[in-house]
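S.K.: Let me give you the structure first, and then I'll get to my questions.
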Amino acid sequence: MSAAEHHSNLVPWQLIAKERRARVKPIPLLPDGQLDQDAYRDLLSSKTKLVALTHASNVLGTVPPVAEMTALAHRYGARVLVDGAQAVSHFPVDVSELDADFYAFSGHKVFAPTGIGVLFGKREVLEAMPPWQGGGNMIDSVSFEETTYAPLPHRLEAGTGHIAGVAGLRAALRYLGGLDREAATAHEEQLTQYAMGALATVPGLRLIGTAPGKIGVLTFLMDGADPMALAGMLDQQGIAVRAGHHCAQPALAAYGVTSAVRASLALYNTVQDVDALVAALQGAAASCNG
């Protein structure tokens with residue numbers, strides 16, 4: 001897996017690796033936040049069972065060449081899981097084109113309620129998987145002598161589903177599907193480029209992650225300013241950012257830091273939003289240097 005992964009696409013594999021006596025191998029990052037493709041090729045072997053990749057980093061904004069990396073993993077017989085939580089709201093995704101074996105994302109990243117999400121899997125892979133959890137709604141018939149299981153997807157969905165969450169997720173996906181996604185993506189790309197240029201004018205500000213084609217994730221540090229304090233100052237001016245390790249400590253560690261501020265852009269943001277952020281940061285820089 002890559003060094004850019006969210007903890008949710010790292011910690012579960014560490015737990016399984018310990019249980020199965022497997023090894024977790026990180027794909028290193030290049031200085032601009034891209035995944036080191038030469039190192040990735042060297043890490044793959046016939047022993048590789050799973051490649052877990054982010055489709056878009058929640059800290060760096062990097063969008064790896066997932067389709068190409070998936071094709072290479074398949075040459076070695078490995079399965080590929082893609083964490084699309086940060087991707088699906090920023091650009092259209094075609095799982096058939098990616099050819100990944102699994103693709104997962106969280107509902108709250110596409111403007112749906114929390115506690116609901118999606119796991120796509122290739123049918124032949126899911127058919128080969130035994131139930132991972134027992135309970136109601138995943139059975140065909142039950143007796144003390146034998147239990148048989150329901151067909152997909154019910155066999156892998158034990159218990160009563162999150163009905164309200166599913167309704168909310170459906171509404172959110174319908175909303176996204178009703179938009180001109182290509183135009184929305186182009187708007188975000190233009191806004192991201194504008195924001196990166198504008199942030200470069202702030203004295204003492206260091207942007208982390210500058211890979212080409214990145215999504216609108218702007219993670220930064222400012223000389224003389226604690227990230228948590230800086231986030232609090234921005235909050236007082238009505239600017240919503242996040243500060244901390246962003247559940248991606250290995251990604252920050254690659255840049256020698258443990259905490260940073262992150263501003264995230266979405267299809268509803270504007271140039272005026274970016275200008276307000278930059279103006280506030282310039283004021284903060286003046287205070288730090290004063």
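Chain labels A, B, ... are given in the sequence in which chains occur in the structure tokens; within each chain residues are numbered consecutively from 1, and ligands are likewise numbered from 1 in the order shown.
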List the neighbours of range 74-87 of chain A out to 7 Å using only C-alpha atoms; skip same-chain residues closer than 2 positions along the sequence, and give me the result as a list in words.
M.R.: Asn9, Ser45, Ser46, Thr48, Lys49, Leu50, Val51, Ala52, Leu53, Thr54, His55, Ala56, Ser57, Asn58, Thr70, Ala71, Leu72, Ser89, His90, Phe91, Ala100, Asp101, Phe102, Tyr103, Ala104, Phe105, Ser106 and Lys109 of chain A
S.K.: To one decimal in Å, tell me the separation between CA of Asp94 in chain A and CA of Glu189 in chain A.
M.R.: 19.0 Å
S.K.: Extract the full set of strand (DSSP E) residues from range 31-245 of chain A according to DSSP on the backbone, and format it as a PyMOL selection string.
M.R.: chain A and resi 50-54+79-83+102-106+117-121+139-142+147-149+205-208+217-222+242-244
S.K.: Go through A:Val278, A:Glu157, A:Gly216, A:Val125 and flag the residue nearest Ala200 in chain A, using only C-alpha atoms for the distances.
M.R.: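 Distance minimum relative to Ala200 in chain A lands on A:Val278.
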S.K.: Would you please work out which residue, of A:Gly168, A:Trp132, A:Gly159, A:Leu126, is nearest to Gly107 in chain A when using only C-alpha atoms?
M.R.: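 Of the candidates, the smallest distance to Gly107 in chain A is held by A:Gly168.
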